[in-house]
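Engineer: So that we are looking at the same thing, I have put the structure below in C-alpha cells.
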Amino acid sequence: MRYVHPVLIVVLSWYVLALALQSPIVPYPHLVFSHLAESLIAGTTFMHLFHSLYRILTGMAFALTFAIPTGMLAGRFKKLDHMVSPVLYLLYPLPKIAFLPVFMVLFGIGDLSKIILIAVIIFFPAAITIRDGIREIPTQYLELARAFHLKPAEVIREILWPAVLPRIFSSLRITVGISLSVLFISENYAARFGLGYYIMNNWVMAQYVGMYSGIVLLSLLGLGLYALIDFCERLAIPDAAR
Amino acid sequence: MVRLIDAQVSYADHIAFSGFSLEVKKHESVSIIGRSGCGKTSLLYAIAGLIPLSKGTVALAEGSESCSIMFQQDRLLPWRKVIDNVLLGMKPGHETHAMELLGEMGLGHKAHDYPKQLSGGERQRVALARSLVRKPRLLLLDEPLASLDEQNRERMQEVIASVVEDHGITLILVTHNIQEAIFMGSRILLMTDEGITFERKNPYHRLPEFRTTDEFFALERELRSRLGGTA
C-alpha cells in the first residue's frame, strides 16, 4: 500500500509529459502497461527479467561472500585495517564499469563477467560499511564477552555478526540502485537476454512502447529487490531486537 | 577467596590505583565506597581479569572462572531474548537453571521478550541472573544499581542480598552510594587515591528494617564525613 502514492505521482507526471509532447518517444502509460501485461502473459519478457534477476542476485551474493569477512576482519584488527583500508579507498572511487571489457576478456562474454562486475561494484561500499559497523560496536559488549569467557567463534556469532547485520542490509539497499544501472549497461554487450538488452533492442527497432515496458520492468525489479531486502531484514532482525 | 598484594593498574595517561592490598574471605560481602575516579571500577576489572595489573598480584582461590561480574550498565545484547542473554556463552544444559533464576527474579514470564521490552529494573535483574547462572563463587558488582530510581534500587539490593546469601556467594560491591554500601556490605572499605583509608565491620548489613534506624543514619554520617562530603 505504501507504494500506491509514489506510483500514482509517477504515472500522473508521465501522462502530463506524454500529453504535452505528443510524440512516440513518450507513449501514454496505459499503452505501455497493456503491452507489458500482454508480453508477460505471452511469456516473452520473463526470460529477460529472469536473467537480470539472476545476475544481480548472484552478484550480490558474490560481493557479500568477500565483503563480510573483509569488513569484519578490517574492523576488528587494526593492523589488518591499516593494510586493507588504503586499498579499498584507492579502488572504491574508480568507475568499475570501465573494467567491463577487461572482465569480458578474463571471464568470457557470458553471465560471469556481468556478475563479477556487479559483485565488484557492491563489494567496496559493503566492505567499508561492514568495517565501520564493527568499529562502532560498543566496547562494553566486547568487555562483556571477555568477562563471560566467550571463545573467538562465539564473539563473532553472538556479538559481531548480530551487531553488524543491520549495516549489511543498509549496504545492500545503498548498492541496489547502482547495481541496476551497471546491470543495464553490461547487458548491452554480448547479451541476448536481460532487461538492458530488451530495452535497447526495442529502442533500436523504434518500438518505444516495448522499450518503456522494459524500463517499467527494470523499475519494478528495483522495487522488488528493495522489498526483498526489507523483508529479509525484518525476518533476521525483529523490531523488538533492534 | 581474593587476595590482592601491592596491586597497581595504570593507563596511558594516569594511574588508577597503586600499592593496593586487599583480602576478602569466603562468604564475605565487602562494600567499597569512594569518590568518582579513585579507581574502584578498575579494581573490580583487575580482579575479574578484564584489565591487567601493571604491578603486584591478584589471586582468586577458585580461579577466574569462579568469578562473575555485573556491570554498571546492564549490557544486555539487544538482539538476544532475555533467556538467551542469561545463557550468553553457556554450554547447552543450563536452560532449566536460567529459567529458575529468572523465576526467582520475577521474570519467568518475560524470558522470551527482548531487552527493549523491559523496564530498567527488569533489565538489571536479567543482568543479575546472567551473572548468577554461571554459579559464581565470587560476584563482583560495579555500581549495578546506579541507573535505578530509589524504590527499584532498594528492591534490587534486597534481591541481590538474598540471592548472595542463598547461594553462598562471596561479594565485592563498589559503589558511591553510602546507603547501598551499608546495606550490602558486612565489611565497608573506604577507597581513596592512597588506597584503603578506612575499614569498618558492619553487623547490620542485609537487614531492611535497619535502613530507618538511628544506627544506620549514624553510620551513614560517619562514612560521609570520612569521605569528605558528597560521595
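By convention here, the chains of the C-alpha cells are called A, B, ... in the order presented, each chain's residues are numbered starting at 1, and ligands are numbered starting at 1 in the order presented.
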With 12 Å as the cut-off and only C-alpha atoms counted, what is the closest atom pair between each nearby residue of chain B and chain A? Distances in Å to one decimal, ordered by chain and number, as a tab-separated table.
Structural biologist:
```
residue	atom	partner	partner_atom	distance
B:Leu44	CA	A:Ala147	CA	11.2
B:Tyr45	CA	A:Ala147	CA	8.9
B:Ala46	CA	A:Ala147	CA	11.0
B:Ile47	CA	A:Ala147	CA	10.7
B:Ala48	CA	A:Ala147	CA	6.9
B:Gly49	CA	A:Ala147	CA	7.7
B:Leu50	CA	A:Ala147	CA	6.5
B:Ile51	CA	A:Glu143	CA	9.8
B:Ser64	CA	A:Ala147	CA	9.4
B:Glu65	CA	A:His149	CA	8.0
B:Ser66	CA	A:Phe148	CA	10.6
B:Cys67	CA	A:Ala147	CA	8.9
B:Ser68	CA	A:Ala147	CA	7.3
B:Ile69	CA	A:Ala147	CA	7.0
B:Met70	CA	A:Leu144	CA	9.3
B:Phe71	CA	A:Leu144	CA	8.6
B:Gln72	CA	A:Gln140	CA	10.3
B:Gln73	CA	A:Gln140	CA	8.8
B:Asp74	CA	A:Gln140	CA	9.9
B:Arg75	CA	A:Tyr141	CA	6.6
B:Leu76	CA	A:Tyr141	CA	8.4
B:Leu77	CA	A:Tyr141	CA	7.6
B:Pro78	CA	A:Ala241	CA	5.3
B:Trp79	CA	A:Ala241	CA	4.4
B:Arg80	CA	A:Ala241	CA	6.9
B:Lys81	CA	A:Ala241	CA	7.8
B:Val82	CA	A:Ala241	CA	10.6
B:Asp84	CA	A:Glu158	CA	10.0
B:Asn85	CA	A:Glu158	CA	9.9
B:Val86	CA	A:Phe148	CA	10.9
B:Leu87	CA	A:Phe148	CA	10.2
B:Leu88	CA	A:Phe148	CA	7.8
B:Gly89	CA	A:Leu150	CA	5.5
B:Met90	CA	A:Leu150	CA	8.7
B:Lys91	CA	A:Leu150	CA	10.7
B:His112	CA	A:Ala240	CA	11.2
B:Asp113	CA	A:Ala240	CA	8.3
B:Tyr114	CA	A:Ala241	CA	5.9
B:Pro115	CA	A:Ala241	CA	7.6
B:Lys116	CA	A:Ala240	CA	6.2
B:Gln117	CA	A:Ala240	CA	7.0
B:Leu118	CA	A:Ala240	CA	10.5
B:Ala127	CA	A:Leu144	CA	10.9
B:Arg130	CA	A:Phe148	CA	9.4
B:Ser131	CA	A:Phe148	CA	8.6
B:Leu132	CA	A:Phe148	CA	11.3
B:Val133	CA	A:Phe148	CA	11.0
B:Arg134	CA	A:Phe148	CA	8.8
B:Pro136	CA	A:Phe148	CA	11.1
B:Leu139	CA	A:Ala147	CA	11.8
B:Leu140	CA	A:Ala147	CA	10.8
```
Engineer: Set the distance at 12 Å and use only C-alpha atoms: which residues neighbour segment 217-221 of chain A once local chain neighbours fewer than 2 positions away are removed? I'd like the list as a compact mmCIF listing (two decimals) with C-alpha atoms, in the first residue's frame.
Structural biologist:
```
# COMPACT_ATOMS: atom_id res chain seq x y z
CA TYR A 3 3.87 2.33 -2.91
CA VAL A 7 3.30 5.16 -8.31
CA VAL A 10 4.96 8.98 -11.37
CA VAL A 32 2.96 0.67 -22.02
CA PHE A 33 1.16 -1.16 -19.21
CA HIS A 35 1.96 -4.03 -23.71
CA LEU A 36 3.76 -5.13 -20.56
CA ALA A 37 0.78 -7.22 -19.43
CA SER A 39 4.18 -9.67 -23.04
CA LEU A 40 4.15 -11.08 -19.50
CA THR A 45 9.73 -10.84 -21.19
CA PHE A 46 10.10 -13.40 -18.42
CA HIS A 48 14.80 -11.11 -19.73
CA LEU A 49 13.56 -10.48 -16.21
CA PHE A 50 14.88 -13.83 -15.00
CA HIS A 51 18.35 -13.23 -16.47
CA SER A 52 18.61 -9.77 -14.94
CA LEU A 53 17.40 -11.03 -11.57
CA TYR A 54 19.81 -13.96 -11.67
CA ILE A 56 22.03 -9.16 -9.79
CA LEU A 57 21.28 -11.69 -7.02
CA VAL A 176 20.86 -1.84 -5.37
CA GLY A 177 20.35 1.34 -7.40
CA SER A 179 23.86 -2.26 -9.39
CA LEU A 180 20.78 -1.90 -11.60
CA SER A 181 22.42 0.91 -13.58
CA LEU A 183 23.40 -4.22 -14.97
CA PHE A 184 21.62 -2.20 -17.65
CA GLY A 194 18.29 -9.33 -19.82
CA LEU A 195 16.27 -6.16 -19.33
CA GLY A 196 19.16 -3.97 -20.54
CA TYR A 197 19.24 -5.88 -23.81
CA TYR A 198 15.40 -5.84 -24.06
CA ILE A 199 15.19 -2.05 -23.58
CA GLY A 210 8.24 -2.06 -25.77
CA MET A 211 11.22 0.00 -24.62
CA TYR A 212 9.14 1.64 -21.90
CA SER A 213 7.68 -1.64 -20.76
CA GLY A 214 11.31 -2.80 -20.26
CA ILE A 215 12.04 0.36 -18.27
CA LEU A 223 11.29 -2.12 -6.17
CA GLY A 224 11.10 -5.88 -5.73
CA LEU A 225 14.72 -6.04 -4.62
CA TYR A 226 14.22 -3.27 -2.05
CA ALA A 227 11.11 -5.06 -0.78
CA LEU A 228 13.06 -8.34 -0.62
```
Engineer: Can you pull out the residues contacting segment 89-95 of chain A? Cut-off 12 Å, using only C-alpha atoms, and skip same-chain residues under 6 positions away; I want them as a PyMOL selection string.
Structural biologist: chain A and resi 81-83+117-118+120-128+178+182
Engineer: Store the residues picked out above, limited to N, CA and C atoms, as a short mmCIF file (atom, residue, chain, number, x, y, z; two decimals), in the first residue's frame.
Structural biologist:
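Saved to result.cif:
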```
data_model
loop_
_atom_site.label_atom_id
_atom_site.label_comp_id
_atom_site.auth_asym_id
_atom_site.auth_seq_id
_atom_site.Cartn_x
_atom_site.Cartn_y
_atom_site.Cartn_z
N ASP A 81 43.50 -3.57 9.15
CA ASP A 81 42.78 -2.41 8.64
C ASP A 81 43.75 -1.44 7.96
N HIS A 82 44.94 -1.26 8.59
CA HIS A 82 45.94 -0.35 8.01
C HIS A 82 46.39 -0.83 6.62
N MET A 83 46.31 -2.14 6.41
CA MET A 83 46.71 -2.67 5.09
C MET A 83 45.54 -2.63 4.10
N LEU A 117 31.23 -8.00 -12.47
CA LEU A 117 31.21 -6.53 -12.48
C LEU A 117 30.26 -6.02 -11.38
N ILE A 118 29.08 -6.59 -11.29
CA ILE A 118 28.13 -6.18 -10.24
C ILE A 118 28.71 -6.46 -8.85
N VAL A 120 31.84 -6.64 -7.95
CA VAL A 120 32.94 -5.71 -7.63
C VAL A 120 32.37 -4.36 -7.20
N ILE A 121 31.31 -3.94 -7.87
CA ILE A 121 30.72 -2.64 -7.53
C ILE A 121 30.10 -2.66 -6.13
N ILE A 122 29.44 -3.76 -5.80
CA ILE A 122 28.81 -3.85 -4.47
C ILE A 122 29.85 -4.06 -3.38
N PHE A 123 30.93 -4.79 -3.71
CA PHE A 123 31.92 -5.17 -2.71
C PHE A 123 32.45 -3.98 -1.91
N PHE A 124 32.86 -2.91 -2.59
CA PHE A 124 33.56 -1.82 -1.90
C PHE A 124 32.70 -1.10 -0.86
N PRO A 125 31.52 -0.61 -1.25
CA PRO A 125 30.73 0.05 -0.20
C PRO A 125 30.30 -0.92 0.89
N ALA A 126 30.04 -2.18 0.51
CA ALA A 126 29.62 -3.16 1.53
C ALA A 126 30.75 -3.40 2.52
N ALA A 127 31.97 -3.62 2.01
CA ALA A 127 33.11 -3.91 2.90
C ALA A 127 33.37 -2.73 3.84
N ILE A 128 33.32 -1.51 3.29
CA ILE A 128 33.59 -0.31 4.11
C ILE A 128 32.50 -0.12 5.17
N ILE A 178 22.71 1.44 -7.85
CA ILE A 178 23.89 1.49 -8.74
C ILE A 178 24.08 0.14 -9.45
N VAL A 182 24.40 -0.46 -13.53
CA VAL A 182 25.52 -1.20 -14.14
C VAL A 182 25.00 -2.42 -14.89
#
```
Engineer: Give me the residues near Gly195 of chain B as a list in words, where near means some atom within 9 Å (using only C-alpha atoms) and where sequence neighbours in that chain fewer than 5 positions away do not count.
Structural biologist: Phe17, Ser18, Gly19, Phe20, Ser21, Cys38 and Leu190 of chain B
Engineer: Please save N, CA, C and O atoms of the selected residues as a CSV table (one decimal), in the first residue's frame.
Structural biologist:
```csv
chain,number,residue,atom,x,y,z
B,17,PHE,N,45.1,3.1,40.4
B,17,PHE,CA,45.4,2.9,41.9
B,17,PHE,C,46.8,2.3,41.9
B,17,PHE,O,47.2,1.6,41.0
B,18,SER,N,47.4,2.4,43.1
B,18,SER,CA,48.7,1.8,43.2
B,18,SER,C,48.9,1.4,44.7
B,18,SER,O,48.3,2.0,45.6
B,19,GLY,N,49.8,0.4,44.9
B,19,GLY,CA,50.1,-0.1,46.2
B,19,GLY,C,48.9,-0.6,47.0
B,19,GLY,O,48.8,-0.4,48.2
B,20,PHE,N,48.0,-1.2,46.3
B,20,PHE,CA,46.7,-1.6,46.8
B,20,PHE,C,46.7,-3.1,47.3
B,20,PHE,O,47.1,-3.9,46.5
B,21,SER,N,46.4,-3.3,48.5
B,21,SER,CA,46.3,-4.7,49.0
B,21,SER,C,44.9,-4.9,49.6
B,21,SER,O,44.4,-4.0,50.3
B,38,CYS,N,38.5,7.3,41.8
B,38,CYS,CA,39.5,6.8,42.8
B,38,CYS,C,40.0,5.4,42.4
B,38,CYS,O,40.9,4.8,43.0
B,190,LEU,N,36.7,2.2,52.7
B,190,LEU,CA,36.7,3.5,52.0
B,190,LEU,C,38.0,3.6,51.2
B,190,LEU,O,39.1,3.4,51.7
```
Engineer: As an NGL selection string, which residues of segment 77-172 of chain B does DSSP assign to alpha helix (DSSP H)?
Structural biologist: :B and (82-86 or 95-104 or 120-132 or 150-166)
Engineer: Using DSSP on the backbone coordinates, identify the residues of segment 21-114 of chain B assigned to strand (DSSP E or B); present them as a PDB file with C-alpha atoms, in the first residue's frame.
Structural biologist:
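As a result, states.pdb now contains:
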```pdb
ATOM      1  CA  SER B  21      46.298  -4.654  49.013  1.00  0.00           C
ATOM      2  CA  LEU B  22      43.067  -6.406  49.926  1.00  0.00           C
ATOM      3  CA  GLU B  23      41.976  -9.756  51.256  1.00  0.00           C
ATOM      4  CA  VAL B  24      38.387 -10.947  51.021  1.00  0.00           C
ATOM      5  CA  SER B  29      30.320  -9.251  51.466  1.00  0.00           C
ATOM      6  CA  VAL B  30      32.611  -6.304  51.030  1.00  0.00           C
ATOM      7  CA  SER B  31      31.370  -2.852  50.039  1.00  0.00           C
ATOM      8  CA  ILE B  32      33.957  -0.451  48.678  1.00  0.00           C
ATOM      9  CA  ILE B  33      33.000   3.207  48.574  1.00  0.00           C
ATOM     10  CA  GLY B  34      34.995   6.052  47.202  1.00  0.00           C
ATOM     11  CA  LYS B  55      52.369  -4.194  39.326  1.00  0.00           C
ATOM     12  CA  GLY B  56      51.573  -6.593  42.142  1.00  0.00           C
ATOM     13  CA  THR B  57      49.464  -9.745  42.137  1.00  0.00           C
ATOM     14  CA  VAL B  58      45.839 -10.765  42.261  1.00  0.00           C
ATOM     15  CA  ALA B  59      44.848 -14.292  43.229  1.00  0.00           C
ATOM     16  CA  LEU B  60      41.408 -15.882  43.200  1.00  0.00           C
ATOM     17  CA  CYS B  67      34.077 -15.139  39.310  1.00  0.00           C
ATOM     18  CA  SER B  68      31.222 -13.281  37.667  1.00  0.00           C
ATOM     19  CA  ILE B  69      30.769  -9.558  37.221  1.00  0.00           C
ATOM     20  CA  MET B  70      27.720  -7.337  36.985  1.00  0.00           C
TER      21      MET B  70
END
```
Engineer: Do a neighbour search on His109 of chain B at 12 Å with only C-alpha atoms, toss out local chain neighbours closer than 2 positions, and write the hits as JSON, numbers by chain.
Structural biologist: {"B": [82, 83, 99, 100, 101, 102, 103, 104, 105, 106, 107, 111, 112, 113, 114, 118, 122]}
Engineer: Restricting it to all heavy atoms, dump the selection as a short mmCIF file (atom, residue, chain, number, x, y, z; two decimals), in the first residue's frame.
Structural biologist:
```cif
data_model
loop_
_atom_site.label_atom_id
_atom_site.label_comp_id
_atom_site.auth_asym_id
_atom_site.auth_seq_id
_atom_site.Cartn_x
_atom_site.Cartn_y
_atom_site.Cartn_z
N VAL B 82 15.65 -12.40 26.40
CA VAL B 82 16.07 -12.39 27.80
C VAL B 82 16.78 -13.70 28.18
O VAL B 82 17.90 -13.68 28.69
CB VAL B 82 14.84 -12.15 28.71
CG1 VAL B 82 15.12 -12.52 30.14
CG2 VAL B 82 14.40 -10.69 28.62
N ILE B 83 16.16 -14.82 27.86
CA ILE B 83 16.72 -16.12 28.24
C ILE B 83 18.08 -16.33 27.54
O ILE B 83 19.01 -16.88 28.13
CB ILE B 83 15.73 -17.29 27.94
CG1 ILE B 83 16.28 -18.65 28.38
CG2 ILE B 83 15.33 -17.34 26.49
CD1 ILE B 83 16.31 -18.87 29.85
N MET B 99 16.05 -20.53 33.73
CA MET B 99 14.63 -20.24 33.92
C MET B 99 14.29 -20.13 35.41
O MET B 99 13.49 -19.28 35.81
CB MET B 99 13.76 -21.33 33.27
CG MET B 99 13.62 -21.21 31.75
SD MET B 99 13.02 -19.62 31.17
CE MET B 99 11.37 -19.60 31.82
N GLU B 100 14.93 -20.98 36.23
CA GLU B 100 14.71 -20.90 37.68
C GLU B 100 15.15 -19.54 38.21
O GLU B 100 14.45 -18.90 39.01
CB GLU B 100 15.52 -22.00 38.39
CG GLU B 100 14.86 -23.37 38.33
CD GLU B 100 15.80 -24.49 38.78
OE1 GLU B 100 16.91 -24.18 39.30
OE2 GLU B 100 15.43 -25.65 38.59
N LEU B 101 16.33 -19.10 37.75
CA LEU B 101 16.84 -17.80 38.21
C LEU B 101 15.91 -16.67 37.79
O LEU B 101 15.61 -15.77 38.58
CB LEU B 101 18.24 -17.55 37.64
CG LEU B 101 19.38 -18.27 38.37
CD1 LEU B 101 20.67 -18.19 37.56
CD2 LEU B 101 19.60 -17.66 39.75
N LEU B 102 15.46 -16.73 36.53
CA LEU B 102 14.54 -15.69 36.06
C LEU B 102 13.25 -15.72 36.89
O LEU B 102 12.68 -14.68 37.21
CB LEU B 102 14.23 -15.87 34.57
CG LEU B 102 15.35 -15.45 33.61
CD1 LEU B 102 15.02 -15.85 32.18
CD2 LEU B 102 15.59 -13.94 33.69
N GLY B 103 12.82 -16.93 37.23
CA GLY B 103 11.65 -17.08 38.09
C GLY B 103 11.88 -16.42 39.45
O GLY B 103 11.04 -15.68 39.95
N GLU B 104 13.08 -16.67 40.03
CA GLU B 104 13.44 -16.06 41.33
C GLU B 104 13.39 -14.53 41.24
O GLU B 104 13.08 -13.85 42.21
CB GLU B 104 14.87 -16.46 41.72
CG GLU B 104 14.98 -17.76 42.47
CD GLU B 104 16.43 -18.04 42.88
OE1 GLU B 104 17.06 -17.15 43.48
OE2 GLU B 104 16.92 -19.14 42.57
N MET B 105 13.75 -14.03 40.07
CA MET B 105 13.79 -12.56 39.89
C MET B 105 12.40 -12.02 39.49
O MET B 105 12.28 -10.85 39.17
CB MET B 105 14.76 -12.18 38.77
CG MET B 105 16.13 -12.77 38.87
SD MET B 105 17.14 -11.87 40.00
CE MET B 105 18.42 -13.05 40.29
N GLY B 106 11.43 -12.92 39.39
CA GLY B 106 10.10 -12.50 38.99
C GLY B 106 9.99 -12.19 37.51
O GLY B 106 9.15 -11.39 37.08
N LEU B 107 10.86 -12.83 36.72
CA LEU B 107 10.88 -12.52 35.28
C LEU B 107 10.65 -13.75 34.41
O LEU B 107 10.94 -13.71 33.22
CB LEU B 107 12.23 -11.88 34.91
CG LEU B 107 12.47 -10.46 35.41
CD1 LEU B 107 13.91 -10.07 35.18
CD2 LEU B 107 11.54 -9.49 34.71
N ALA B 111 10.87 -14.31 29.79
CA ALA B 111 12.07 -15.00 29.28
C ALA B 111 12.23 -14.87 27.78
O ALA B 111 13.35 -14.84 27.27
CB ALA B 111 12.02 -16.46 29.68
N HIS B 112 11.11 -14.77 27.06
CA HIS B 112 11.19 -14.73 25.60
C HIS B 112 10.94 -13.33 25.03
O HIS B 112 10.72 -13.16 23.84
CB HIS B 112 10.27 -15.78 24.98
CG HIS B 112 10.68 -17.17 25.38
ND1 HIS B 112 11.77 -17.80 24.82
CD2 HIS B 112 10.21 -18.01 26.33
CE1 HIS B 112 11.94 -18.99 25.40
NE2 HIS B 112 11.01 -19.13 26.32
N ASP B 113 11.01 -12.33 25.91
CA ASP B 113 10.95 -10.94 25.45
C ASP B 113 12.36 -10.48 25.08
O ASP B 113 13.35 -11.12 25.45
CB ASP B 113 10.43 -10.02 26.58
CG ASP B 113 8.92 -10.18 26.76
OD1 ASP B 113 8.32 -10.99 26.03
OD2 ASP B 113 8.37 -9.50 27.64
N TYR B 114 12.42 -9.37 24.38
CA TYR B 114 13.72 -8.75 24.10
C TYR B 114 13.99 -7.67 25.15
O TYR B 114 13.04 -7.11 25.74
CB TYR B 114 13.71 -8.12 22.70
CG TYR B 114 13.82 -9.14 21.60
CD1 TYR B 114 12.68 -9.60 20.94
CD2 TYR B 114 15.05 -9.66 21.22
CE1 TYR B 114 12.77 -10.55 19.93
CE2 TYR B 114 15.15 -10.61 20.22
CZ TYR B 114 14.00 -11.05 19.58
OH TYR B 114 14.10 -11.99 18.59
N LEU B 118 11.75 -4.44 28.27
CA LEU B 118 11.82 -4.47 29.74
C LEU B 118 12.05 -3.08 30.32
O LEU B 118 12.59 -2.20 29.65
CB LEU B 118 12.97 -5.38 30.19
CG LEU B 118 13.02 -6.81 29.65
CD1 LEU B 118 14.20 -7.55 30.25
CD2 LEU B 118 11.74 -7.56 29.94
N GLU B 122 13.93 -4.31 35.50
CA GLU B 122 13.87 -5.68 34.96
C GLU B 122 15.16 -6.03 34.23
O GLU B 122 15.67 -7.14 34.35
CB GLU B 122 12.67 -5.81 34.01
CG GLU B 122 11.33 -5.80 34.73
CD GLU B 122 10.13 -5.72 33.79
OE1 GLU B 122 10.28 -5.18 32.67
OE2 GLU B 122 9.05 -6.18 34.18
#
```
Engineer: Excluding Ser10 of chain B and its own-chain neighbours fewer than 6 positions away, which residues fall within 8 Å of it when counting only C-alpha atoms? Please give them as a list in words.
Structural biologist: Ala16, Phe17, Leu53 and Ser54 of chain B
Engineer: Could those residues be written to a file, using all heavy atoms, as a PDB file, in the first residue's frame?
Structural biologist:
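Here's the written file selection-v2.pdb:
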```
ATOM      1  N   ALA B  16      45.396   4.373  37.924  1.00  0.00           N
ATOM      2  CA  ALA B  16      44.063   4.216  38.528  1.00  0.00           C
ATOM      3  C   ALA B  16      44.196   4.027  40.041  1.00  0.00           C
ATOM      4  O   ALA B  16      43.492   4.656  40.820  1.00  0.00           O
ATOM      5  CB  ALA B  16      43.333   3.039  37.898  1.00  0.00           C
ATOM      6  N   PHE B  17      45.072   3.106  40.429  1.00  0.00           N
ATOM      7  CA  PHE B  17      45.394   2.932  41.857  1.00  0.00           C
ATOM      8  C   PHE B  17      46.755   2.253  41.938  1.00  0.00           C
ATOM      9  O   PHE B  17      47.194   1.609  40.985  1.00  0.00           O
ATOM     10  CB  PHE B  17      44.313   2.112  42.591  1.00  0.00           C
ATOM     11  CG  PHE B  17      44.094   0.728  42.052  1.00  0.00           C
ATOM     12  CD1 PHE B  17      44.919  -0.326  42.418  1.00  0.00           C
ATOM     13  CD2 PHE B  17      43.055   0.473  41.159  1.00  0.00           C
ATOM     14  CE1 PHE B  17      44.710  -1.597  41.918  1.00  0.00           C
ATOM     15  CE2 PHE B  17      42.842  -0.802  40.652  1.00  0.00           C
ATOM     16  CZ  PHE B  17      43.683  -1.838  41.036  1.00  0.00           C
ATOM     17  N   LEU B  53      47.130  -6.128  35.738  1.00  0.00           N
ATOM     18  CA  LEU B  53      47.822  -5.316  36.746  1.00  0.00           C
ATOM     19  C   LEU B  53      49.158  -4.894  36.164  1.00  0.00           C
ATOM     20  O   LEU B  53      49.833  -5.678  35.489  1.00  0.00           O
ATOM     21  CB  LEU B  53      48.082  -6.140  38.014  1.00  0.00           C
ATOM     22  CG  LEU B  53      46.883  -6.502  38.893  1.00  0.00           C
ATOM     23  CD1 LEU B  53      47.363  -7.328  40.085  1.00  0.00           C
ATOM     24  CD2 LEU B  53      46.166  -5.246  39.370  1.00  0.00           C
ATOM     25  N   SER B  54      49.541  -3.649  36.392  1.00  0.00           N
ATOM     26  CA  SER B  54      50.884  -3.256  35.939  1.00  0.00           C
ATOM     27  C   SER B  54      51.922  -3.583  37.009  1.00  0.00           C
ATOM     28  O   SER B  54      53.120  -3.655  36.709  1.00  0.00           O
ATOM     29  CB  SER B  54      50.924  -1.777  35.562  1.00  0.00           C
ATOM     30  OG  SER B  54      49.986  -1.040  36.286  1.00  0.00           O
TER      31      SER B  54
END
```
Engineer: Looking at A:Arg157, A:Arg2, A:Arg167, A:Arg55, which one is nearest to Gly71 of chain A, with distances taken over only C-alpha atoms?
Structural biologist: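 Closest candidate: A:Arg167.
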Engineer: Residues near Val163 of chain B, anyone? I mean within 10 Å using only C-alpha atoms, not counting same-chain ones fewer than 2 positions away, as a ChimeraX atom specification.
Structural biologist: /B:101,104-105,128-129,132,157-161,165-169
Engineer: Suppose we keep N, CA, C and O atoms; can you now write the selection as a tab-separated table (two decimals), in the first residue's frame?
Structural biologist:
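Output file result03.tsv follows:
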```tsv
chain	number	residue	atom	x	y	z
B	101	LEU	N	16.33	-19.10	37.75
B	101	LEU	CA	16.84	-17.80	38.21
B	101	LEU	C	15.91	-16.67	37.79
B	101	LEU	O	15.61	-15.77	38.58
B	104	GLU	N	13.08	-16.67	40.03
B	104	GLU	CA	13.44	-16.06	41.33
B	104	GLU	C	13.39	-14.53	41.24
B	104	GLU	O	13.08	-13.85	42.21
B	105	MET	N	13.75	-14.03	40.07
B	105	MET	CA	13.79	-12.56	39.89
B	105	MET	C	12.40	-12.02	39.49
B	105	MET	O	12.28	-10.85	39.17
B	128	LEU	N	21.59	-9.56	36.50
B	128	LEU	CA	21.97	-10.32	37.71
B	128	LEU	C	21.83	-11.82	37.46
B	128	LEU	O	22.73	-12.59	37.81
B	129	ALA	N	20.72	-12.21	36.81
B	129	ALA	CA	20.52	-13.64	36.50
B	129	ALA	C	21.65	-14.15	35.60
B	129	ALA	O	22.14	-15.26	35.77
B	132	LEU	N	24.57	-14.84	37.67
B	132	LEU	CA	24.41	-15.95	38.63
B	132	LEU	C	24.31	-17.31	37.96
B	132	LEU	O	24.60	-18.32	38.58
B	157	GLN	N	18.55	-4.25	45.75
B	157	GLN	CA	19.55	-4.54	46.80
B	157	GLN	C	19.09	-5.76	47.60
B	157	GLN	O	19.89	-6.64	47.92
B	158	GLU	N	17.79	-5.80	47.89
B	158	GLU	CA	17.27	-6.93	48.67
B	158	GLU	C	17.31	-8.23	47.87
B	158	GLU	O	17.65	-9.29	48.41
B	159	VAL	N	17.00	-8.12	46.56
B	159	VAL	CA	17.07	-9.32	45.69
B	159	VAL	C	18.51	-9.85	45.68
B	159	VAL	O	18.75	-11.05	45.90
B	160	ILE	N	19.46	-8.95	45.45
B	160	ILE	CA	20.87	-9.38	45.38
B	160	ILE	C	21.30	-9.97	46.73
B	160	ILE	O	21.91	-11.05	46.79
B	161	ALA	N	20.95	-9.28	47.81
B	161	ALA	CA	21.36	-9.75	49.14
B	161	ALA	C	20.83	-11.15	49.41
B	161	ALA	O	21.56	-12.01	49.90
B	165	GLU	N	23.08	-14.63	49.70
B	165	GLU	CA	23.02	-15.43	50.92
B	165	GLU	C	22.60	-16.87	50.59
B	165	GLU	O	23.23	-17.82	51.03
B	166	ASP	N	21.54	-17.00	49.77
B	166	ASP	CA	21.03	-18.34	49.44
B	166	ASP	C	22.07	-19.20	48.72
B	166	ASP	O	22.11	-20.41	48.89
B	167	HIS	N	22.87	-18.55	47.85
B	167	HIS	CA	23.80	-19.31	47.02
B	167	HIS	C	25.21	-19.34	47.63
B	167	HIS	O	26.13	-19.88	47.01
B	168	GLY	N	25.39	-18.77	48.80
B	168	GLY	CA	26.69	-18.79	49.48
B	168	GLY	C	27.79	-18.13	48.67
B	168	GLY	O	28.89	-18.67	48.52
B	169	ILE	N	27.48	-16.95	48.13
B	169	ILE	CA	28.42	-16.28	47.22
B	169	ILE	C	29.22	-15.21	47.98
B	169	ILE	O	28.67	-14.50	48.82
```
Engineer: Please measure the separation of atom CA of Ser170 of chain A and atom CA of Asn188 of chain A, giving the value in Å to one decimal.
Structural biologist: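 Distance reported for this atom pair: 28.7 Å.
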Engineer: Quick one: distance from atom CA of Arg173 of chain A to atom CA of Val4 of chain A in Å, one decimal?
Structural biologist: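 Taking atom CA of Arg173 of chain A as the start and atom CA of Val4 of chain A as the end point, the length is 20.5 Å.
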Engineer: I need the residue nearest Met1 of chain B from this list: B:Gly185, B:Gly93, B:Gly63, B:Gly108. Use only C-alpha atoms for the distance.
Structural biologist: B:Gly63
